[in-house]
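Coordinates as given in target.pdb (PDB, C-alpha atoms):
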ATOM      1  CA  MET O   1    -178.892 -66.676   0.417
ATOM      2  CA  LYS O   2    -177.256 -67.135  -3.014
ATOM      3  CA  ASN O   3    -175.033 -64.093  -2.496
ATOM      4  CA  ARG O   4    -174.073 -65.338   0.980
ATOM      5  CA  ILE O   5    -173.034 -68.738  -0.427
ATOM      6  CA  LEU O   6    -171.035 -67.077  -3.222
ATOM      7  CA  GLY O   7    -169.415 -64.804  -0.665
ATOM      8  CA  SER O   8    -168.444 -67.778   1.503
ATOM      9  CA  ILE O   9    -166.944 -69.606  -1.487
ATOM     10  CA  LEU O  10    -164.943 -66.506  -2.469
ATOM     11  CA  PHE O  11    -163.710 -66.132   1.113
ATOM     12  CA  LEU O  12    -162.523 -69.753   1.155
ATOM     13  CA  LEU O  13    -160.764 -69.301  -2.199
ATOM     14  CA  LEU O  14    -158.986 -66.229  -0.877
ATOM     15  CA  ILE O  15    -157.824 -68.156   2.190
ATOM     16  CA  CYS O  16    -156.498 -70.989   0.039
ATOM     17  CA  SER O  17    -154.703 -68.665  -2.367
ATOM     18  CA  ALA O  18    -153.165 -66.742   0.499
ATOM     19  CA  ALA O  19    -151.961 -69.818   2.339
ATOM     20  CA  PRO O  20    -148.182 -70.136   2.101
ATOM     21  CA  GLY O  21    -146.915 -73.024  -0.006
ATOM     22  CA  GLN O  22    -144.404 -75.558   1.246
ATOM     23  CA  SER O  23    -140.798 -75.125   0.177
ATOM     24  CA  VAL O  24    -137.208 -76.106   0.867
ATOM     25  CA  ASN O  25    -134.862 -73.154   1.345
ATOM     26  CA  PHE O  26    -131.086 -73.314   1.294
ATOM     27  CA  ILE O  27    -127.908 -71.328   0.664
ATOM     28  CA  ALA O  28    -125.002 -72.300  -1.608
ATOM     29  CA  ILE O  29    -121.554 -70.842  -0.976
ATOM     30  CA  GLY O  30    -118.030 -71.712  -1.991
ATOM     31  CA  ASP O  31    -114.388 -70.692  -1.612
ATOM     32  CA  TRP O  32    -114.952 -69.281   1.822
ATOM     33  CA  GLY O  33    -112.749 -70.447   4.724
ATOM     34  CA  ARG O  34    -110.241 -67.614   5.261
ATOM     35  CA  GLU O  35    -110.486 -66.936   8.997
ATOM     36  CA  GLY O  36    -113.007 -64.140   8.425
ATOM     37  CA  GLN O  37    -110.793 -62.206   6.022
ATOM     38  CA  TYR O  38    -111.595 -60.843   2.544
ATOM     39  CA  LEU O  39    -115.148 -59.999   3.670
ATOM     40  CA  GLN O  40    -115.825 -63.591   4.716
ATOM     41  CA  LYS O  41    -117.176 -62.418   8.057
ATOM     42  CA  GLU O  42    -119.363 -59.722   6.512
ATOM     43  CA  THR O  43    -120.717 -62.267   4.019
ATOM     44  CA  ALA O  44    -121.335 -64.717   6.870
ATOM     45  CA  ASP O  45    -123.267 -62.097   8.833
ATOM     46  CA  GLU O  46    -125.487 -61.361   5.829
ATOM     47  CA  MET O  47    -126.051 -65.082   5.343
ATOM     48  CA  GLY O  48    -127.360 -65.179   8.897
ATOM     49  CA  ILE O  49    -129.783 -62.332   8.204
ATOM     50  CA  TYR O  50    -130.948 -63.977   4.977
ATOM     51  CA  ALA O  51    -131.326 -67.387   6.636
ATOM     52  CA  GLU O  52    -133.455 -65.931   9.433
ATOM     53  CA  LYS O  53    -135.676 -64.024   7.028
ATOM     54  CA  ASN O  54    -136.125 -66.931   4.615
ATOM     55  CA  LYS O  55    -136.334 -69.781   7.162
ATOM     56  CA  THR O  56    -133.373 -71.519   5.582
ATOM     57  CA  ASP O  57    -133.201 -75.304   6.059
ATOM     58  CA  PHE O  58    -129.542 -75.992   5.249
ATOM     59  CA  VAL O  59    -126.357 -74.722   3.598
ATOM     60  CA  ILE O  60    -124.461 -76.331   0.719
ATOM     61  CA  THR O  61    -120.749 -75.673   0.358
ATOM     62  CA  VAL O  62    -119.242 -76.080  -3.090
ATOM     63  CA  GLY O  63    -115.704 -76.617  -1.884
ATOM     64  CA  ASP O  64    -112.507 -74.866  -0.819
ATOM     65  CA  ASN O  65    -113.874 -74.935   2.681
ATOM     66  CA  ILE O  66    -110.577 -74.222   4.447
ATOM     67  CA  TYR O  67    -107.706 -72.183   2.938
ATOM     68  CA  ASN O  68    -105.005 -72.493   1.940
ATOM     69  CA  THR O  69    -104.254 -76.119   2.645
ATOM     70  CA  GLY O  70    -107.366 -77.641   4.180
ATOM     71  CA  VAL O  71    -107.129 -79.022   7.715
ATOM     72  CA  LYS O  72    -104.592 -81.272   9.415
ATOM     73  CA  GLY O  73    -107.154 -83.080  11.536
ATOM     74  CA  THR O  74    -110.506 -82.821  13.247
ATOM     75  CA  ASP O  75    -108.888 -80.743  16.003
ATOM     76  CA  ASP O  76    -107.233 -78.265  13.638
ATOM     77  CA  PRO O  77    -107.783 -74.693  14.968
ATOM     78  CA  LYS O  78    -108.932 -73.654  11.503
ATOM     79  CA  TRP O  79    -112.270 -75.366  12.131
ATOM     80  CA  GLN O  80    -112.891 -72.648  14.683
ATOM     81  CA  THR O  81    -111.284 -69.667  12.945
ATOM     82  CA  CYS O  82    -112.658 -70.457   9.464
ATOM     83  CA  PHE O  83    -116.050 -71.955  10.309
ATOM     84  CA  GLU O  84    -117.406 -72.176  13.835
ATOM     85  CA  GLN O  85    -116.392 -68.657  14.936
ATOM     86  CA  VAL O  86    -117.372 -67.000  11.653
ATOM     87  CA  TYR O  87    -120.858 -68.360  10.876
ATOM     88  CA  THR O  88    -122.252 -67.621  14.318
ATOM     89  CA  ALA O  89    -125.850 -66.565  13.590
ATOM     90  CA  PRO O  90    -128.442 -68.839  15.243
ATOM     91  CA  SER O  91    -130.152 -69.141  11.844
ATOM     92  CA  LEU O  92    -127.002 -70.838  10.493
ATOM     93  CA  GLU O  93    -127.039 -73.525  13.186
ATOM     94  CA  ILE O  94    -128.468 -75.845  10.554
ATOM     95  CA  PRO O  95    -126.964 -78.701   8.509
ATOM     96  CA  TRP O  96    -124.016 -77.718   6.297
ATOM     97  CA  TYR O  97    -123.732 -80.254   3.475
ATOM     98  CA  ALA O  98    -120.144 -79.908   2.291
ATOM     99  CA  SER O  99    -118.208 -80.865  -0.816
ATOM    100  CA  LEU O 100    -114.455 -80.884  -1.411
ATOM    101  CA  GLY O 101    -112.438 -78.287  -3.303
ATOM    102  CA  ASN O 102    -108.895 -78.547  -4.569
ATOM    103  CA  HIS O 103    -107.540 -76.589  -1.577
ATOM    104  CA  ASP O 104    -109.206 -79.093   0.749
ATOM    105  CA  TYR O 105    -107.161 -81.813  -0.985
ATOM    106  CA  TYR O 106    -103.924 -80.152   0.144
ATOM    107  CA  GLY O 107    -104.874 -81.141   3.683
ATOM    108  CA  ASN O 108    -106.442 -84.132   5.380
ATOM    109  CA  VAL O 109    -109.552 -85.024   3.385
ATOM    110  CA  GLN O 110    -110.606 -87.746   5.795
ATOM    111  CA  ALA O 111    -110.593 -85.202   8.620
ATOM    112  CA  GLN O 112    -113.265 -83.190   6.810
ATOM    113  CA  ILE O 113    -115.363 -86.340   6.585
ATOM    114  CA  ASP O 114    -114.714 -87.254  10.212
ATOM    115  CA  TYR O 115    -115.611 -83.765  11.422
ATOM    116  CA  SER O 116    -119.209 -84.741  10.660
ATOM    117  CA  GLY O 117    -119.103 -86.794  13.852
ATOM    118  CA  ILE O 118    -117.885 -83.846  15.914
ATOM    119  CA  SER O 119    -119.764 -80.811  14.635
ATOM    120  CA  LYS O 120    -123.496 -80.461  15.198
ATOM    121  CA  ARG O 121    -123.939 -79.018  11.711
ATOM    122  CA  TRP O 122    -121.091 -80.192   9.446
ATOM    123  CA  GLN O 123    -122.347 -82.962   7.130
ATOM    124  CA  MET O 124    -119.900 -84.830   4.886
ATOM    125  CA  PRO O 125    -120.501 -88.574   5.192
ATOM    126  CA  ALA O 126    -118.223 -89.357   2.228
ATOM    127  CA  ARG O 127    -116.312 -87.689  -0.594
ATOM    128  CA  PHE O 128    -119.475 -87.904  -2.678
ATOM    129  CA  TYR O 129    -122.978 -88.607  -1.463
ATOM    130  CA  ASN O 130    -126.631 -87.726  -2.041
ATOM    131  CA  PHE O 131    -129.713 -86.899  -0.014
ATOM    132  CA  GLU O 132    -133.363 -86.109  -0.614
ATOM    133  CA  LYS O 133    -135.688 -83.517   0.876
ATOM    134  CA  ARG O 134    -139.472 -83.644   0.837
ATOM    135  CA  VAL O 135    -140.806 -80.365  -0.583
ATOM    136  CA  ASP O 136    -144.510 -81.165  -0.274
ATOM    137  CA  SER O 137    -146.722 -84.224  -0.403
ATOM    138  CA  ASN O 138    -146.133 -84.600  -4.148
ATOM    139  CA  THR O 139    -142.640 -83.193  -4.649
ATOM    140  CA  THR O 140    -139.162 -84.424  -3.752
ATOM    141  CA  LEU O 141    -135.805 -82.699  -4.182
ATOM    142  CA  LEU O 142    -132.678 -84.775  -4.905
ATOM    143  CA  ILE O 143    -129.278 -83.242  -4.189
ATOM    144  CA  VAL O 144    -126.145 -85.029  -5.410
ATOM    145  CA  MET O 145    -122.879 -83.856  -3.858
ATOM    146  CA  ILE O 146    -119.919 -84.852  -6.027
ATOM    147  CA  ASP O 147    -116.149 -84.683  -5.649
ATOM    148  CA  SER O 148    -115.100 -83.039  -8.899
ATOM    149  CA  ASN O 149    -111.362 -83.071  -8.122
ATOM    150  CA  PRO O 150    -110.499 -86.612  -9.317
ATOM    151  CA  LEU O 151    -112.642 -86.084 -12.424
ATOM    152  CA  LEU O 152    -110.060 -83.621 -13.779
ATOM    153  CA  ARG O 153    -107.234 -85.178 -15.806
ATOM    154  CA  GLY O 154    -105.048 -82.129 -15.208
ATOM    155  CA  TYR O 155    -104.841 -82.979 -11.511
ATOM    156  CA  ARG O 156    -104.321 -86.709 -12.075
ATOM    157  CA  ASP O 157    -101.527 -86.066 -14.600
ATOM    158  CA  MET O 158     -99.495 -83.739 -12.358
ATOM    159  CA  LYS O 159     -95.881 -84.832 -11.918
ATOM    160  CA  LYS O 160     -94.410 -85.112  -8.460
ATOM    161  CA  ASP O 161     -91.803 -82.495  -7.623
ATOM    162  CA  GLY O 162     -91.877 -82.532  -3.841
ATOM    163  CA  ALA O 163     -94.213 -79.546  -3.490
ATOM    164  CA  TYR O 164     -97.606 -81.143  -4.202
ATOM    165  CA  ASP O 165     -96.833 -84.854  -3.842
ATOM    166  CA  SER O 166     -99.470 -85.499  -1.168
ATOM    167  CA  PHE O 167    -102.097 -83.679  -3.253
ATOM    168  CA  ILE O 168    -101.254 -85.821  -6.287
ATOM    169  CA  ASP O 169    -101.345 -89.032  -4.253
ATOM    170  CA  GLU O 170    -104.703 -88.115  -2.729
ATOM    171  CA  ILE O 171    -106.242 -87.321  -6.122
ATOM    172  CA  ASN O 172    -104.934 -90.521  -7.671
ATOM    173  CA  SER O 173    -106.211 -92.623  -4.784
ATOM    174  CA  GLN O 174    -109.708 -92.011  -6.166
ATOM    175  CA  ASP O 175    -111.398 -93.798  -9.067
ATOM    176  CA  PRO O 176    -113.144 -91.246 -11.298
ATOM    177  CA  ASP O 177    -114.987 -93.879 -13.332
ATOM    178  CA  ARG O 178    -116.460 -95.364 -10.168
ATOM    179  CA  GLN O 179    -117.792 -91.976  -9.144
ATOM    180  CA  LEU O 180    -119.236 -91.280 -12.596
ATOM    181  CA  SER O 181    -121.018 -94.651 -12.510
ATOM    182  CA  TRP O 182    -122.363 -93.784  -9.070
ATOM    183  CA  ILE O 183    -123.655 -90.400 -10.309
ATOM    184  CA  ASP O 184    -125.356 -92.151 -13.224
ATOM    185  CA  SER O 185    -126.949 -94.694 -10.891
ATOM    186  CA  VAL O 186    -128.210 -92.120  -8.368
ATOM    187  CA  LEU O 187    -129.763 -89.931 -11.046
ATOM    188  CA  SER O 188    -131.282 -92.828 -12.976
ATOM    189  CA  ASN O 189    -132.893 -94.331  -9.872
ATOM    190  CA  SER O 190    -134.427 -91.105  -8.584
ATOM    191  CA  ASN O 191    -138.061 -90.169  -9.081
ATOM    192  CA  ALA O 192    -137.542 -86.696  -7.637
ATOM    193  CA  LYS O 193    -139.125 -83.856  -9.563
ATOM    194  CA  TRP O 194    -136.157 -81.565  -8.912
ATOM    195  CA  LYS O 195    -132.549 -82.693  -9.317
ATOM    196  CA  ILE O 196    -129.550 -80.615  -8.244
ATOM    197  CA  VAL O 197    -125.895 -81.619  -8.563
ATOM    198  CA  ALA O 198    -123.205 -79.715  -6.657
ATOM    199  CA  GLY O 199    -119.422 -79.884  -6.949
ATOM    200  CA  HIS O 200    -116.434 -77.598  -6.747
ATOM    201  CA  HIS O 201    -115.417 -77.115 -10.375
ATOM    202  CA  PRO O 202    -117.684 -75.384 -12.908
ATOM    203  CA  VAL O 203    -118.595 -77.007 -16.177
ATOM    204  CA  TYR O 204    -118.928 -73.605 -17.853
ATOM    205  CA  THR O 205    -117.548 -70.339 -16.525
ATOM    206  CA  GLY O 206    -116.477 -66.890 -17.651
ATOM    207  CA  GLY O 207    -114.097 -66.708 -14.712
ATOM    208  CA  GLU O 208    -110.349 -67.105 -14.497
ATOM    209  CA  HIS O 209    -110.217 -70.902 -14.765
ATOM    210  CA  GLY O 210    -112.349 -71.221 -17.887
ATOM    211  CA  ASN O 211    -114.553 -74.104 -18.982
ATOM    212  CA  SER O 212    -113.688 -77.622 -17.845
ATOM    213  CA  LYS O 213    -113.144 -79.881 -20.857
ATOM    214  CA  ASP O 214    -113.181 -82.943 -18.613
ATOM    215  CA  LEU O 215    -116.528 -82.081 -17.029
ATOM    216  CA  ILE O 216    -117.995 -81.139 -20.415
ATOM    217  CA  GLU O 217    -116.932 -84.561 -21.678
ATOM    218  CA  LYS O 218    -117.803 -86.712 -18.651
ATOM    219  CA  LEU O 219    -120.300 -84.899 -16.414
ATOM    220  CA  GLU O 220    -122.399 -82.730 -18.713
ATOM    221  CA  PRO O 221    -123.830 -85.729 -20.642
ATOM    222  CA  LEU O 222    -125.187 -87.114 -17.348
ATOM    223  CA  LEU O 223    -126.667 -83.757 -16.385
ATOM    224  CA  GLU O 224    -128.387 -83.574 -19.768
ATOM    225  CA  LYS O 225    -129.456 -87.223 -19.861
ATOM    226  CA  TYR O 226    -131.296 -87.007 -16.552
ATOM    227  CA  LYS O 227    -132.501 -83.414 -17.053
ATOM    228  CA  VAL O 228    -130.762 -82.092 -13.957
ATOM    229  CA  ASP O 229    -132.211 -78.704 -13.085
ATOM    230  CA  MET O 230    -129.179 -77.047 -11.481
ATOM    231  CA  TYR O 231    -125.448 -77.590 -11.318
ATOM    232  CA  LEU O 232    -123.850 -75.633  -8.465
ATOM    233  CA  ALA O 233    -120.110 -74.932  -8.379
ATOM    234  CA  GLY O 234    -117.439 -72.602  -7.062
ATOM    235  CA  HIS O 235    -113.673 -72.578  -7.846
ATOM    236  CA  ASP O 236    -113.946 -69.255  -9.679
ATOM    237  CA  HIS O 237    -114.211 -66.606  -6.971
ATOM    238  CA  ASP O 238    -117.262 -64.792  -8.246
ATOM    239  CA  MET O 239    -120.984 -65.243  -8.911
ATOM    240  CA  GLN O 240    -122.328 -66.426 -12.265
ATOM    241  CA  TYR O 241    -125.456 -67.817 -13.884
ATOM    242  CA  LEU O 242    -125.043 -69.569 -17.227
ATOM    243  CA  LYS O 243    -127.529 -71.373 -19.466
ATOM    244  CA  LYS O 244    -126.893 -73.099 -22.779
ATOM    245  CA  GLU O 245    -129.524 -72.639 -25.438
ATOM    246  CA  GLY O 246    -131.693 -75.748 -25.676
ATOM    247  CA  SER O 247    -130.395 -77.216 -22.405
ATOM    248  CA  SER O 248    -132.429 -77.985 -19.290
ATOM    249  CA  VAL O 249    -129.408 -77.484 -17.014
ATOM    250  CA  ASN O 250    -128.960 -74.178 -15.172
ATOM    251  CA  TYR O 251    -125.315 -73.589 -14.241
ATOM    252  CA  PHE O 252    -124.468 -71.496 -11.175
ATOM    253  CA  VAL O 253    -121.104 -70.430  -9.813
ATOM    254  CA  SER O 254    -121.216 -69.295  -6.173
ATOM    255  CA  GLY O 255    -117.563 -68.942  -5.244
ATOM    256  CA  ALA O 256    -117.633 -65.502  -3.647
ATOM    257  CA  GLY O 257    -117.429 -66.497   0.012
ATOM    258  CA  SER O 258    -114.166 -64.650   0.628
ATOM    259  CA  LYS O 259    -111.275 -63.598  -1.648
ATOM    260  CA  LEU O 260    -112.450 -62.545  -5.111
ATOM    261  CA  ARG O 261    -111.151 -62.744  -8.668
ATOM    262  CA  GLU O 262    -112.298 -60.930 -11.779
ATOM    263  CA  THR O 263    -114.960 -62.497 -13.977
ATOM    264  CA  GLY O 264    -116.647 -61.687 -17.260
ATOM    265  CA  PRO O 265    -119.246 -62.866 -19.771
ATOM    266  CA  MET O 266    -118.860 -65.799 -22.131
ATOM    267  CA  GLU O 267    -121.152 -67.481 -24.627
ATOM    268  CA  HIS O 268    -123.652 -68.846 -22.096
ATOM    269  CA  THR O 269    -123.523 -66.059 -19.488
ATOM    270  CA  LYS O 270    -126.776 -64.590 -18.185
ATOM    271  CA  PHE O 271    -125.249 -62.913 -15.130
ATOM    272  CA  CYS O 272    -121.764 -62.463 -13.708
ATOM    273  CA  LYS O 273    -120.287 -60.270 -11.008
ATOM    274  CA  SER O 274    -117.182 -60.263  -8.863
ATOM    275  CA  ILE O 275    -118.520 -59.298  -5.447
ATOM    276  CA  ASN O 276    -118.717 -61.132  -2.132
ATOM    277  CA  GLY O 277    -121.979 -62.945  -1.571
ATOM    278  CA  PHE O 278    -123.906 -66.190  -1.853
ATOM    279  CA  LEU O 279    -126.740 -67.929  -3.676
ATOM    280  CA  GLY O 280    -130.123 -68.296  -1.993
ATOM    281  CA  ILE O 281    -132.414 -71.015  -3.372
ATOM    282  CA  THR O 282    -136.088 -71.771  -2.735
ATOM    283  CA  VAL O 283    -137.558 -75.011  -4.086
ATOM    284  CA  SER O 284    -141.338 -75.403  -4.216
ATOM    285  CA  GLY O 285    -143.650 -77.785  -5.990
ATOM    286  CA  GLU O 286    -144.037 -75.326  -8.846
ATOM    287  CA  ASN O 287    -140.577 -73.821  -9.334
ATOM    288  CA  ILE O 288    -137.067 -73.141  -8.141
ATOM    289  CA  LYS O 289    -136.164 -69.547  -7.387
ATOM    290  CA  ALA O 290    -132.495 -68.615  -7.114
ATOM    291  CA  SER O 291    -131.131 -65.249  -5.992
ATOM    292  CA  PHE O 292    -127.580 -63.942  -5.819
ATOM    293  CA  VAL O 293    -127.234 -61.791  -2.688
ATOM    294  CA  ASP O 294    -124.163 -59.691  -1.919
ATOM    295  CA  TYR O 295    -122.467 -59.173   1.447
ATOM    296  CA  THR O 296    -124.492 -56.014   2.129
ATOM    297  CA  GLY O 297    -127.857 -57.710   1.495
ATOM    298  CA  ASN O 298    -128.458 -56.400  -2.012
ATOM    299  CA  ASP O 299    -130.381 -58.751  -4.300
ATOM    300  CA  LEU O 300    -128.215 -58.788  -7.435
ATOM    301  CA  PHE O 301    -129.957 -61.218  -9.772
ATOM    302  CA  ASP O 302    -132.958 -63.555  -9.675
ATOM    303  CA  VAL O 303    -133.932 -66.470 -11.862
ATOM    304  CA  GLU O 304    -136.979 -68.757 -11.797
ATOM    305  CA  ILE O 305    -136.786 -72.340 -13.047
ATOM    306  CA  THR O 306    -139.974 -74.127 -14.044
ATOM    307  CA  LYS O 307    -140.918 -77.339 -15.814
TER     308      LYS O 307
END
Would it be possible to restate this file's structure as structure tokens?
Amino acid sequence: MKNRILGSILFLLLICSAAPGQSVNFIAIGDWGREGQYLQKETADEMGIYAEKNKTDFVITVGDNIYNTGVKGTDDPKWQTCFEQVYTAPSLEIPWYASLGNHDYYGNVQAQIDYSGISKRWQMPARFYNFEKRVDSNTTLLIVMIDSNPLLRGYRDMKKDGAYDSFIDEINSQDPDRQLSWIDSVLSNSNAKWKIVAGHHPVYTGGEHGNSKDLIEKLEPLLEKYKVDMYLAGHDHDMQYLKKEGSSVNYFVSGAGSKLRETGPMEHTKFCKSINGFLGITVSGENIKASFVDYTGNDLFDVEITK
């Protein structure tokens, strides 16, 4: 009888340990909308395979959604040729939470917001916004989508010469201090275990554009203050993972959705590669697992975040 009871207890323990845990799964991709060119379509197809296999809940875009000059309106044909007709896998018929890149600012920014009311999956309620996802009964994930463009002084200080006047006007129509105060408020008022901030421009990068002094000065202190777990960005057309010694923030660049640029290591680099692909992320109650996947399905680099 004793052995039978012990056997039953062991069987129950095995069932519990084998039971799959709850998680939130998503993909982060940036610098992508080039009408299927520069391996965008091949990357999109692999995203569909990954999303089906990993039961992906949503996609995050980290800007430069439509090249080269954004969209003219909600009926711009580029919505079809850059988005709807490229990411066609059923597994990608899920919410796409989008942020704005500098190339999106060359077009009609409001049209990207308004497209949320037309597309079944495009989600951009404002230039910056936040949402939460329930991971399990005890764990919540906060995602803060920012508009990094007006936070950069270099854009705000551009002089009009006729070529980029509308871009300059659009940037300067925004109040960077208001957005920074909003970011502070959202992070300070959240009780979520996991906090992720996503925007177009990297704070740190070994890519072509280099580190952002403005984001190091204005954004990084907020990421550190509220112990943000991940900052997701694009802008540099490559894939990178960077981590400062002694910091809780994990910096990711996932800007390899289409046309590439060269990248390389810098002081904080843990991984970097110039190859088309995306970042797959799984958030559970215990950890965050992030994987860079290339356009052929190869798993290039994995990192696990715990706390």
Report, in Å to a single decimal, how far apart atom CA of Ile146 of chain O and atom CA of Asn130 of chain O are.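 Separation of atom CA of Asn130 of chain O and atom CA of Ile146 of chain O: 8.3 Å.
The environment of Ser99 of chain O within 6 Å, counting all atoms listed in the file and disregarding residues fewer than 4 places along the same chain, consists of Thr61, Val62 and Gly63 of chain O.
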Would you mind telling me which residue in O:Phe128, O:Phe252, O:Phe278, O:Trp96 lies nearest to Gln40 of chain O when using all atoms listed in the file? O:Phe278
I'd like to know which of O:Asn211, O:Ser274, O:Ser119, O:Thr140 is closest to Trp79 of chain O, using all atoms listed in the file.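 Of the candidates, the smallest distance to Trp79 of chain O is held by O:Ser119.
Evaluated on this file, the PyMOL selection byres ((chain O and resi 182-192) around 6) matches Thr140, Leu141, Leu142, Gln179, Leu180, Ser181, Lys193 and Trp194 of chain O.
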Specify as a VMD selection string each residue included when the PyMOL selection byres ((chain O and resi 229) around 8) is applied to this file. chain O and resid 194 to 196 227 to 228 230 to 231 248 to 250 305
Residue among O:Leu223, O:Cys272, O:Leu152, O:Val86 lying closest to Gln174 of chain O, counting only C-alpha atoms: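 Looking at the shortest contact to Gln174 of chain O, the residue is O:Leu152.
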Please write the residues picked by the PyMOL selection byres ((chain O and resi 91) around 10) on this file as an mmCIF file with C-alpha atoms, keeping the file's coordinate frame.
data_model
loop_
_atom_site.group_PDB
_atom_site.id
_atom_site.type_symbol
_atom_site.label_atom_id
_atom_site.label_comp_id
_atom_site.auth_asym_id
_atom_site.auth_seq_id
_atom_site.Cartn_x
_atom_site.Cartn_y
_atom_site.Cartn_z
ATOM 1 C CA MET O 47 -126.051 -65.082 5.343
ATOM 2 C CA GLY O 48 -127.360 -65.179 8.897
ATOM 3 C CA ILE O 49 -129.783 -62.332 8.204
ATOM 4 C CA TYR O 50 -130.948 -63.977 4.977
ATOM 5 C CA ALA O 51 -131.326 -67.387 6.636
ATOM 6 C CA GLU O 52 -133.455 -65.931 9.433
ATOM 7 C CA LYS O 53 -135.676 -64.024 7.028
ATOM 8 C CA ASN O 54 -136.125 -66.931 4.615
ATOM 9 C CA LYS O 55 -136.334 -69.781 7.162
ATOM 10 C CA THR O 56 -133.373 -71.519 5.582
ATOM 11 C CA ASP O 57 -133.201 -75.304 6.059
ATOM 12 C CA PHE O 58 -129.542 -75.992 5.249
ATOM 13 C CA TYR O 87 -120.858 -68.360 10.876
ATOM 14 C CA THR O 88 -122.252 -67.621 14.318
ATOM 15 C CA ALA O 89 -125.850 -66.565 13.590
ATOM 16 C CA PRO O 90 -128.442 -68.839 15.243
ATOM 17 C CA LEU O 92 -127.002 -70.838 10.493
ATOM 18 C CA GLU O 93 -127.039 -73.525 13.186
ATOM 19 C CA ILE O 94 -128.468 -75.845 10.554
#
Can you work out the spacing between atom CA of His200 of chain O and atom CA of Lys160 of chain O in Å, to one decimal?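 Atom CA of Lys160 of chain O lies 23.3 Å from atom CA of His200 of chain O.
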Calculated over all atoms listed in the file, which of the candidates O:Arg156, O:Lys244, O:Arg261, O:Lys78 has the smallest distance to Glu224 of chain O?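 Nearest to Glu224 of chain O: O:Lys244.
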List as a PDB file with C-alpha atoms, keeping the file's coordinate frame: which residues have an atom within 9 Å of (-104.8, -79.3, -1.1), counting all atoms listed in the file?
ATOM      1  CA  ASP O  64    -112.507 -74.866  -0.819  1.00  0.00           C
ATOM      2  CA  TYR O  67    -107.706 -72.183   2.938  1.00  0.00           C
ATOM      3  CA  ASN O  68    -105.005 -72.493   1.940  1.00  0.00           C
ATOM      4  CA  THR O  69    -104.254 -76.119   2.645  1.00  0.00           C
ATOM      5  CA  GLY O  70    -107.366 -77.641   4.180  1.00  0.00           C
ATOM      6  CA  GLY O 101    -112.438 -78.287  -3.303  1.00  0.00           C
ATOM      7  CA  ASN O 102    -108.895 -78.547  -4.569  1.00  0.00           C
ATOM      8  CA  HIS O 103    -107.540 -76.589  -1.577  1.00  0.00           C
ATOM      9  CA  ASP O 104    -109.206 -79.093   0.749  1.00  0.00           C
ATOM     10  CA  TYR O 105    -107.161 -81.813  -0.985  1.00  0.00           C
ATOM     11  CA  TYR O 106    -103.924 -80.152   0.144  1.00  0.00           C
ATOM     12  CA  GLY O 107    -104.874 -81.141   3.683  1.00  0.00           C
ATOM     13  CA  ASN O 108    -106.442 -84.132   5.380  1.00  0.00           C
ATOM     14  CA  VAL O 109    -109.552 -85.024   3.385  1.00  0.00           C
ATOM     15  CA  TYR O 164     -97.606 -81.143  -4.202  1.00  0.00           C
ATOM     16  CA  SER O 166     -99.470 -85.499  -1.168  1.00  0.00           C
ATOM     17  CA  PHE O 167    -102.097 -83.679  -3.253  1.00  0.00           C
ATOM     18  CA  GLU O 170    -104.703 -88.115  -2.729  1.00  0.00           C
TER      19      GLU O 170
END
Quick one: distance from atom CA of Ile275 of chain O to atom CA of Glu304 of chain O in Å, one decimal?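 So the two atoms, atom CA of Ile275 of chain O and atom CA of Glu304 of chain O, lie 21.7 Å apart.
Counting all atoms listed in the file, the residue from O:Met266, O:Ala44, O:Ile281, O:Val24 that sits nearest to Tyr295 of chain O is O:Ala44.
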Which of these residues is nearest to Phe26 of chain O, using all atoms listed in the file: O:Leu222, O:Ile288, O:Met239, O:Leu215?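 Result for the nearest residue to Phe26 of chain O: O:Ile288.
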Counting all atoms listed in the file, find residues at most 9 Å from (-123.8, -78.8, 0.3) (file frame) and give them as a PyMOL selection string. chain O and resi 27-29+58-63+95-99+123-124+143-145+198-199
Which centre and which edge lengths, in Å to one decimal, describe the axis-aligned box that holds all listed atoms of segment 283-289 of chain O after 5 Å is added on each side, as lines of an AutoDock Vina configuration file?
center_x = -140.1
center_y = -73.7
center_z = -6.7
size_x = 17.9
size_y = 18.2
size_z = 15.2
